[in-house]
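Comments concern the structure below.
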Amino acid sequence: MRRFVVIVLDGFGIGAMDDAKIVRPGDEKANTLGSILKDHPDLKLPVLEKLGLMNAFGRESDCMKFSPDANYGKSELMHFGADTFMGHQEIMGTLPKKPDVHPFQEKVDAVAEHLKQAGHKVEIIECEGLRYVLCDDYVTVADNLEADLGMCYNVTAPLDFISFEKEVEIARLVREVVTVGRVIVFGGTGNTMDDLWNAQEVKNGRFIGIASAKSKSYEQGYQCLHLGYGVDKNVQAPTILTGAGIPVTLIGKVADIVANDQGTSISCVPTKDCLDHTIEEFQKMEKGFICTNVQETDLAGHSQSSEEYKKILEIADEGIGRLLPLLEEEDVLVVMADHGNDPDIGHSKHTRECVPLLIYQKGVHGKKVGKRKTLSDVGATACSYLGARAPQNGTPFWPVQDLG
């Protein structure tokens, strides 16, 4: 038995990164765990406490203390900003590139020409002096109006008229010539082009797109794929491991945003369900890699509710507690996060924070892995521990001699 399990408590930061004041002004005050403890000093997470949460945090609370036997460290984020999608690409071993931020207007002509050269029918749609692309009669390429403007482009289509696979082919061509952080390709059934035209909106006089909710794409048959800047699945842990014959299971939101073509991906949101799936998949696996994303912690941060965050952490703690006794001598568990989401900072966005690295292996105690420079060290460690080649980015940290 040699299984490597990663549980990502989405948005569970433990204090602002040193560069937050420069790259995310305001985030220098962020401390997700600190805010929850300030609001709820009675918070008790016995399993995470045992695994070294307060050690990684750097101070004790009234109800949670340092654990002398814990193996722990913490990690900075190498990706720009604080993003779940890019955070998980980084965890899996991607070397993050800094994306550009600009309206689709700056890329209309390049995208149109690239699609034409690939043999697609291309029209330019104009409204209020702004332009976007219609490809093959049913696929719009325009600004994403839901994220921070200029960070993402949307590729949208009614899937009764064109297959999602063909839409993805078009989106991949778009991805080849644009440098924003994400190209999001999605669609649903039961809607028409009239629904998309009715959802057309202009924002700030510079951005034009199809408002996702108004397009009726979510109502029936919804499919979605995120294409990140500089993301190549072939240099990531899941593709590397499955290519070497090692089983990979992704559970929760990570199943929706990380490529795992030859593995098992299980989408779910409720925290207890995510941990139940983790235990079930772990027990079926003799050797392999599992990564589970607990999304509801992040959702609690977005709702700016430390009370809800506390409840979700307690559910997660209980689930991790049910997993621990099942681990055998060569199994490794890593509990971590992908960024922060401070519920008390005064906005509902992610926060640029360091994250905990809590490591459990039966019979191994008191090891410190220090402050890591990138989340990719986790993917690199998984590949190394399971005997596969290294991903694009990251340095293994386990097994380790005490780094002090």
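Labels for the structure tokens follow display order: chains A, B, ..., residues from 1 in each chain, ligands from 1.
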Show me, as a ChimeraX atom specification, the residues that have an atom within 12 Å of Glu128 in chain A when counting only C-alpha atoms, minus same-chain residues fewer than 4 positions from it.
/A:132,200-208
Considering only helix (DSSP H, G or I) as DSSP defines it on the backbone, what residues of range 4-201 of chain A qualify? List them as a PyMOL selection string.
chain A and resi 20-23+27-29+32-39+46-51+53-57+84-91+104-106+108-117+164-177+193-198
If we count only C-alpha atoms and set the cut-off at 7 Å, which residues sit around range 177-188 of chain A, ignoring sequence neighbours fewer than 3 positions away in its own chain? Please answer as a PDB file with N, CA and C atoms, in the first residue's frame.
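Result written to around_10.pdb:
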ATOM      1  N   PRO A  99      -0.617  36.220 -16.168  1.00  0.00           N
ATOM      2  CA  PRO A  99      -1.479  36.548 -17.305  1.00  0.00           C
ATOM      3  C   PRO A  99      -1.590  38.055 -17.505  1.00  0.00           C
ATOM      4  N   ASP A 100      -2.056  38.436 -18.683  1.00  0.00           N
ATOM      5  CA  ASP A 100      -2.366  39.831 -18.967  1.00  0.00           C
ATOM      6  C   ASP A 100      -3.814  40.108 -18.594  1.00  0.00           C
ATOM      7  N   VAL A 101      -4.120  41.372 -18.402  1.00  0.00           N
ATOM      8  CA  VAL A 101      -5.479  41.815 -18.138  1.00  0.00           C
ATOM      9  C   VAL A 101      -5.829  42.877 -19.172  1.00  0.00           C
ATOM     10  N   LYS A 107      -8.049  41.827 -28.718  1.00  0.00           N
ATOM     11  CA  LYS A 107      -7.726  40.529 -29.303  1.00  0.00           C
ATOM     12  C   LYS A 107      -8.713  40.071 -30.374  1.00  0.00           C
ATOM     13  N   ALA A 110      -7.007  39.284 -33.810  1.00  0.00           N
ATOM     14  CA  ALA A 110      -6.102  38.132 -33.748  1.00  0.00           C
ATOM     15  C   ALA A 110      -6.883  36.826 -33.617  1.00  0.00           C
ATOM     16  N   VAL A 111      -7.926  36.839 -32.793  1.00  0.00           N
ATOM     17  CA  VAL A 111      -8.754  35.640 -32.615  1.00  0.00           C
ATOM     18  C   VAL A 111      -9.482  35.307 -33.914  1.00  0.00           C
ATOM     19  N   MET A 151      -9.956  39.842 -17.128  1.00  0.00           N
ATOM     20  CA  MET A 151      -9.166  38.694 -16.671  1.00  0.00           C
ATOM     21  C   MET A 151      -9.494  37.407 -17.414  1.00  0.00           C
ATOM     22  N   CYS A 152     -10.701  37.309 -17.962  1.00  0.00           N
ATOM     23  CA  CYS A 152     -11.150  36.073 -18.604  1.00  0.00           C
ATOM     24  C   CYS A 152     -11.940  36.402 -19.865  1.00  0.00           C
ATOM     25  N   TYR A 153     -11.949  35.465 -20.808  1.00  0.00           N
ATOM     26  CA  TYR A 153     -12.851  35.530 -21.945  1.00  0.00           C
ATOM     27  C   TYR A 153     -13.775  34.318 -21.897  1.00  0.00           C
ATOM     28  N   ASN A 154     -14.995  34.502 -22.382  1.00  0.00           N
ATOM     29  CA  ASN A 154     -15.970  33.415 -22.437  1.00  0.00           C
ATOM     30  C   ASN A 154     -16.176  32.945 -23.870  1.00  0.00           C
ATOM     31  N   VAL A 155     -16.290  31.636 -24.019  1.00  0.00           N
ATOM     32  CA  VAL A 155     -16.708  31.012 -25.275  1.00  0.00           C
ATOM     33  C   VAL A 155     -18.030  30.326 -24.969  1.00  0.00           C
ATOM     34  N   THR A 156     -19.121  30.810 -25.588  1.00  0.00           N
ATOM     35  CA  THR A 156     -20.478  30.402 -25.201  1.00  0.00           C
ATOM     36  C   THR A 156     -21.241  29.884 -26.412  1.00  0.00           C
ATOM     37  N   ALA A 157     -22.033  28.810 -26.223  1.00  0.00           N
ATOM     38  CA  ALA A 157     -22.817  28.267 -27.333  1.00  0.00           C
ATOM     39  C   ALA A 157     -24.043  27.534 -26.807  1.00  0.00           C
ATOM     40  N   PRO A 158     -25.137  27.509 -27.598  1.00  0.00           N
ATOM     41  CA  PRO A 158     -26.296  26.659 -27.277  1.00  0.00           C
ATOM     42  C   PRO A 158     -26.038  25.243 -27.805  1.00  0.00           C
ATOM     43  N   LEU A 159     -25.955  24.289 -26.914  1.00  0.00           N
ATOM     44  CA  LEU A 159     -25.427  22.964 -27.273  1.00  0.00           C
ATOM     45  C   LEU A 159     -26.422  22.072 -28.012  1.00  0.00           C
ATOM     46  N   VAL A 168     -15.324  23.254 -27.700  1.00  0.00           N
ATOM     47  CA  VAL A 168     -14.022  23.195 -27.028  1.00  0.00           C
ATOM     48  C   VAL A 168     -12.879  23.340 -28.046  1.00  0.00           C
ATOM     49  N   ALA A 171     -12.537  26.907 -28.620  1.00  0.00           N
ATOM     50  CA  ALA A 171     -11.963  27.560 -27.444  1.00  0.00           C
ATOM     51  C   ALA A 171     -10.459  27.320 -27.346  1.00  0.00           C
ATOM     52  N   VAL A 174      -8.784  29.735 -29.532  1.00  0.00           N
ATOM     53  CA  VAL A 174      -8.764  31.047 -28.875  1.00  0.00           C
ATOM     54  C   VAL A 174      -7.640  31.105 -27.845  1.00  0.00           C
ATOM     55  N   ASN A 191     -31.620  26.168 -24.801  1.00  0.00           N
ATOM     56  CA  ASN A 191     -31.619  27.586 -25.151  1.00  0.00           C
ATOM     57  C   ASN A 191     -31.234  27.755 -26.623  1.00  0.00           C
ATOM     58  N   SER A 217     -27.726  29.228 -20.119  1.00  0.00           N
ATOM     59  CA  SER A 217     -26.829  28.079 -20.284  1.00  0.00           C
ATOM     60  C   SER A 217     -26.843  27.151 -19.074  1.00  0.00           C
ATOM     61  N   TYR A 218     -27.130  27.701 -17.890  1.00  0.00           N
ATOM     62  CA  TYR A 218     -27.062  26.920 -16.655  1.00  0.00           C
ATOM     63  C   TYR A 218     -28.306  26.070 -16.410  1.00  0.00           C
ATOM     64  N   GLN A 220     -30.081  23.814 -18.182  1.00  0.00           N
ATOM     65  CA  GLN A 220     -30.265  22.434 -18.650  1.00  0.00           C
ATOM     66  C   GLN A 220     -29.018  21.999 -19.423  1.00  0.00           C
ATOM     67  N   GLY A 221     -28.531  20.798 -19.153  1.00  0.00           N
ATOM     68  CA  GLY A 221     -27.440  20.228 -19.938  1.00  0.00           C
ATOM     69  C   GLY A 221     -26.147  21.017 -19.889  1.00  0.00           C
ATOM     70  N   TYR A 222     -25.894  21.698 -18.778  1.00  0.00           N
ATOM     71  CA  TYR A 222     -24.720  22.581 -18.669  1.00  0.00           C
ATOM     72  C   TYR A 222     -23.410  21.797 -18.725  1.00  0.00           C
ATOM     73  N   GLN A 223     -22.477  22.277 -19.531  1.00  0.00           N
ATOM     74  CA  GLN A 223     -21.107  21.742 -19.586  1.00  0.00           C
ATOM     75  C   GLN A 223     -20.143  22.917 -19.586  1.00  0.00           C
ATOM     76  N   CYS A 224     -18.993  22.715 -18.961  1.00  0.00           N
ATOM     77  CA  CYS A 224     -18.040  23.823 -18.819  1.00  0.00           C
ATOM     78  C   CYS A 224     -16.617  23.291 -18.732  1.00  0.00           C
ATOM     79  N   LEU A 225     -15.686  24.038 -19.297  1.00  0.00           N
ATOM     80  CA  LEU A 225     -14.262  23.704 -19.199  1.00  0.00           C
ATOM     81  C   LEU A 225     -13.482  25.006 -19.087  1.00  0.00           C
ATOM     82  N   HIS A 226     -12.522  25.047 -18.155  1.00  0.00           N
ATOM     83  CA  HIS A 226     -11.666  26.212 -17.976  1.00  0.00           C
ATOM     84  C   HIS A 226     -10.310  25.931 -18.611  1.00  0.00           C
ATOM     85  N   LEU A 227      -9.862  26.821 -19.476  1.00  0.00           N
ATOM     86  CA  LEU A 227      -8.560  26.699 -20.118  1.00  0.00           C
ATOM     87  C   LEU A 227      -7.667  27.804 -19.567  1.00  0.00           C
ATOM     88  N   GLY A 228      -6.673  27.424 -18.774  1.00  0.00           N
ATOM     89  CA  GLY A 228      -5.822  28.401 -18.118  1.00  0.00           C
ATOM     90  C   GLY A 228      -4.619  28.795 -18.951  1.00  0.00           C
ATOM     91  N   TYR A 229      -4.082  29.957 -18.663  1.00  0.00           N
ATOM     92  CA  TYR A 229      -2.907  30.463 -19.371  1.00  0.00           C
ATOM     93  C   TYR A 229      -1.661  29.696 -18.919  1.00  0.00           C
TER      94      TYR A 229
END
Return as a compact mmCIF listing (two decimals) with C-alpha atoms, in the first residue's frame the full set of residues in range 263-380 of chain A whose backbone-based DSSP assignment is strand (DSSP E or B).
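For reference, states.txt as written:
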# COMPACT_ATOMS: atom_id res chain seq x y z
CA THR A 264 -11.45 9.03 -12.00
CA SER A 265 -13.07 12.44 -11.40
CA ILE A 266 -15.98 12.87 -8.98
CA LYS A 287 -1.52 2.46 -4.77
CA GLY A 288 -2.33 5.87 -6.13
CA PHE A 289 -3.06 9.56 -5.74
CA ILE A 290 -6.23 11.23 -4.46
CA CYS A 291 -6.86 14.96 -4.36
CA THR A 292 -10.03 16.28 -2.76
CA ASN A 293 -11.19 19.90 -2.79
CA VAL A 294 -13.47 21.03 0.04
CA VAL A 332 0.80 9.92 3.21
CA LEU A 333 -1.88 12.56 3.85
CA VAL A 334 -1.37 16.26 3.13
CA VAL A 335 -3.98 18.81 4.28
CA MET A 336 -3.53 22.25 2.74
CA GLY A 340 -7.08 32.62 1.49
CA THR A 351 -7.10 36.87 -0.33
CA GLU A 353 -2.27 34.32 1.97
CA VAL A 355 -1.48 28.22 3.36
CA PRO A 356 -0.85 25.40 5.84
CA LEU A 357 0.91 22.17 4.93
CA LEU A 358 -0.07 19.48 7.41
CA ILE A 359 1.48 16.08 6.72
CA TYR A 360 0.55 12.77 8.30
CA LYS A 368 9.17 20.32 9.54
CA VAL A 369 9.13 21.09 5.84
CA GLY A 370 9.62 24.83 6.23
CA LYS A 371 8.13 27.62 4.17
CA ARG A 372 7.70 26.44 0.58
Dump as CSV the rows for residues of range 52-159 of chain A within 12 Å of range 296-312 of chain A: closest atom pair and distance in Å with one decimal, only C-alpha atoms counted, ordered by chain and rising residue number.
residue,atom,partner,partner_atom,distance
A:Ala82,CA,A:Asp298,CA,11.8
A:Asp83,CA,A:Asp298,CA,10.8
A:Thr84,CA,A:Asp298,CA,9.1
Keeping only N, CA and C atoms, write those residues as a PDB file, in the first residue's frame.
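Output file again-v6.pdb is given in full below:
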ATOM      1  N   ALA A  82      -4.802  35.291  -6.285  1.00  0.00           N
ATOM      2  CA  ALA A  82      -5.275  34.274  -5.339  1.00  0.00           C
ATOM      3  C   ALA A  82      -6.464  33.598  -5.992  1.00  0.00           C
ATOM      4  N   ASP A  83      -6.219  32.464  -6.645  1.00  0.00           N
ATOM      5  CA  ASP A  83      -7.218  31.905  -7.555  1.00  0.00           C
ATOM      6  C   ASP A  83      -7.331  30.397  -7.366  1.00  0.00           C
ATOM      7  N   THR A  84      -8.572  29.909  -7.265  1.00  0.00           N
ATOM      8  CA  THR A  84      -8.793  28.475  -7.087  1.00  0.00           C
ATOM      9  C   THR A  84      -8.319  27.685  -8.309  1.00  0.00           C
TER      10      THR A  84
END
Close residues, Val23 in chain A itself excluded, 8 Å, only C-alpha atoms, min 3 positions apart in chain, as number ranges by chain
A: 19-20, 81
Mind pulling up the distance from CA of Gly34 in chain A to CA of Gly346 in chain A?
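Separating CA of Gly346 in chain A from CA of Gly34 in chain A is a distance of 14.4 Å.
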Do you know which residues are at most 7 Å from range 272-277 of chain A counting only C-alpha atoms, after dropping those on the same chain fewer than 4 positions away, and could you put them as an MDAnalysis selection string?
chainID A and resid 251:252 268 281 292 294 315:316 319
Output for the residues just chosen: C-alpha atoms as a PDB file, in the first residue's frame:
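For reference, result02.pdb as written:
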ATOM      1  CA  ILE A 251     -12.913  14.708  -5.885  1.00  0.00           C
ATOM      2  CA  GLY A 252     -14.889  17.924  -5.471  1.00  0.00           C
ATOM      3  CA  CYS A 268     -19.472  17.182  -5.638  1.00  0.00           C
ATOM      4  CA  GLU A 281     -11.969   5.765  -3.029  1.00  0.00           C
ATOM      5  CA  THR A 292     -10.034  16.277  -2.764  1.00  0.00           C
ATOM      6  CA  VAL A 294     -13.468  21.025   0.043  1.00  0.00           C
ATOM      7  CA  ILE A 315     -17.488  18.967   9.283  1.00  0.00           C
ATOM      8  CA  ALA A 316     -14.164  18.703   7.424  1.00  0.00           C
ATOM      9  CA  GLY A 319     -14.266  13.669   7.973  1.00  0.00           C
TER      10      GLY A 319
END
Skipping near chain neighbours, those fewer than 2 positions away, what residues fall within 9 Å of Leu134 in chain A using only C-alpha atoms, listed as a list of chain:residue names?
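Listing them by chain and then by number gives A:Ala112, A:Lys121, A:Val122, A:Glu123, A:Ile124, A:Ile125, A:Tyr132, A:Asp136, A:Asp137, A:Tyr138, A:Val139, A:Thr140, A:Val141, A:Ala142.
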Selection to disk with N, CA and C atoms, as a CSV table (one decimal), in the first residue's frame:
chain,number,residue,atom,x,y,z
A,112,ALA,N,-10.1,36.3,-34.5
A,112,ALA,CA,-10.8,36.1,-35.8
A,112,ALA,C,-9.9,35.5,-36.9
A,121,LYS,N,-15.8,29.4,-40.0
A,121,LYS,CA,-16.6,30.6,-40.4
A,121,LYS,C,-16.6,31.6,-39.3
A,122,VAL,N,-16.2,32.9,-39.6
A,122,VAL,CA,-16.1,33.9,-38.6
A,122,VAL,C,-16.9,35.1,-39.0
A,123,GLU,N,-17.6,35.7,-38.0
A,123,GLU,CA,-18.3,36.9,-38.2
A,123,GLU,C,-17.9,37.8,-37.0
A,124,ILE,N,-17.9,39.1,-37.3
A,124,ILE,CA,-17.6,40.1,-36.2
A,124,ILE,C,-19.0,40.8,-35.8
A,125,ILE,N,-19.4,40.7,-34.6
A,125,ILE,CA,-20.6,41.3,-34.1
A,125,ILE,C,-20.2,42.7,-33.5
A,132,TYR,N,-17.1,41.7,-31.0
A,132,TYR,CA,-16.7,40.3,-30.5
A,132,TYR,C,-17.0,39.4,-31.7
A,136,ASP,N,-18.7,29.9,-36.5
A,136,ASP,CA,-19.5,28.7,-37.0
A,136,ASP,C,-21.0,28.9,-36.6
A,137,ASP,N,-21.5,30.1,-36.6
A,137,ASP,CA,-22.9,30.5,-36.4
A,137,ASP,C,-23.4,30.4,-35.0
A,138,TYR,N,-22.7,29.6,-34.1
A,138,TYR,CA,-23.3,29.4,-32.8
A,138,TYR,C,-22.4,29.6,-31.6
A,139,VAL,N,-21.1,30.0,-31.9
A,139,VAL,CA,-20.2,30.1,-30.8
A,139,VAL,C,-19.7,31.5,-30.7
A,140,THR,N,-20.1,32.2,-29.5
A,140,THR,CA,-19.6,33.5,-29.3
A,140,THR,C,-18.3,33.5,-28.5
A,141,VAL,N,-17.4,34.5,-28.8
A,141,VAL,CA,-16.2,34.7,-28.1
A,141,VAL,C,-16.1,36.1,-27.7
A,142,ALA,N,-16.1,36.4,-26.4
A,142,ALA,CA,-16.2,37.8,-25.9
A,142,ALA,C,-15.7,37.9,-24.5
To one decimal place in Å, what is the distance between CA of Arg322 in chain A and CA of Thr271 in chain A?
13.3 Å
Contact residues around range 50-66 of chain A with only C-alpha atoms at 8 Å, ignoring same-chain residues under 5 positions, as a ChimeraX atom specification:
/A:14-15,37,41-45,71-74,356-360
Save the residues we just selected, C-alpha atoms, as an mmCIF file, in the first residue's frame?
data_model
loop_
_atom_site.group_PDB
_atom_site.id
_atom_site.type_symbol
_atom_site.label_atom_id
_atom_site.label_comp_id
_atom_site.auth_asym_id
_atom_site.auth_seq_id
_atom_site.Cartn_x
_atom_site.Cartn_y
_atom_site.Cartn_z
ATOM 1 C CA ILE A 14 -3.158 31.418 7.565
ATOM 2 C CA GLY A 15 -1.872 34.949 7.001
ATOM 3 C CA LEU A 37 -10.583 32.565 15.656
ATOM 4 C CA PRO A 41 -12.349 31.808 20.056
ATOM 5 C CA ASP A 42 -14.090 28.571 21.095
ATOM 6 C CA LEU A 43 -13.312 26.946 17.725
ATOM 7 C CA LYS A 44 -12.045 23.430 18.296
ATOM 8 C CA LEU A 45 -10.757 21.287 15.421
ATOM 9 C CA ASN A 71 4.710 17.236 10.665
ATOM 10 C CA TYR A 72 4.053 20.633 9.180
ATOM 11 C CA GLY A 73 5.090 23.669 7.176
ATOM 12 C CA LYS A 74 3.402 26.294 5.078
ATOM 13 C CA PRO A 356 -0.849 25.400 5.840
ATOM 14 C CA LEU A 357 0.910 22.172 4.925
ATOM 15 C CA LEU A 358 -0.071 19.479 7.415
ATOM 16 C CA ILE A 359 1.484 16.082 6.719
ATOM 17 C CA TYR A 360 0.549 12.768 8.301
#
Distance CA of Ala244 in chain A-CA of Cys383 in chain A, one decimal place?
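Between these atoms lies a distance of 10.1 Å.
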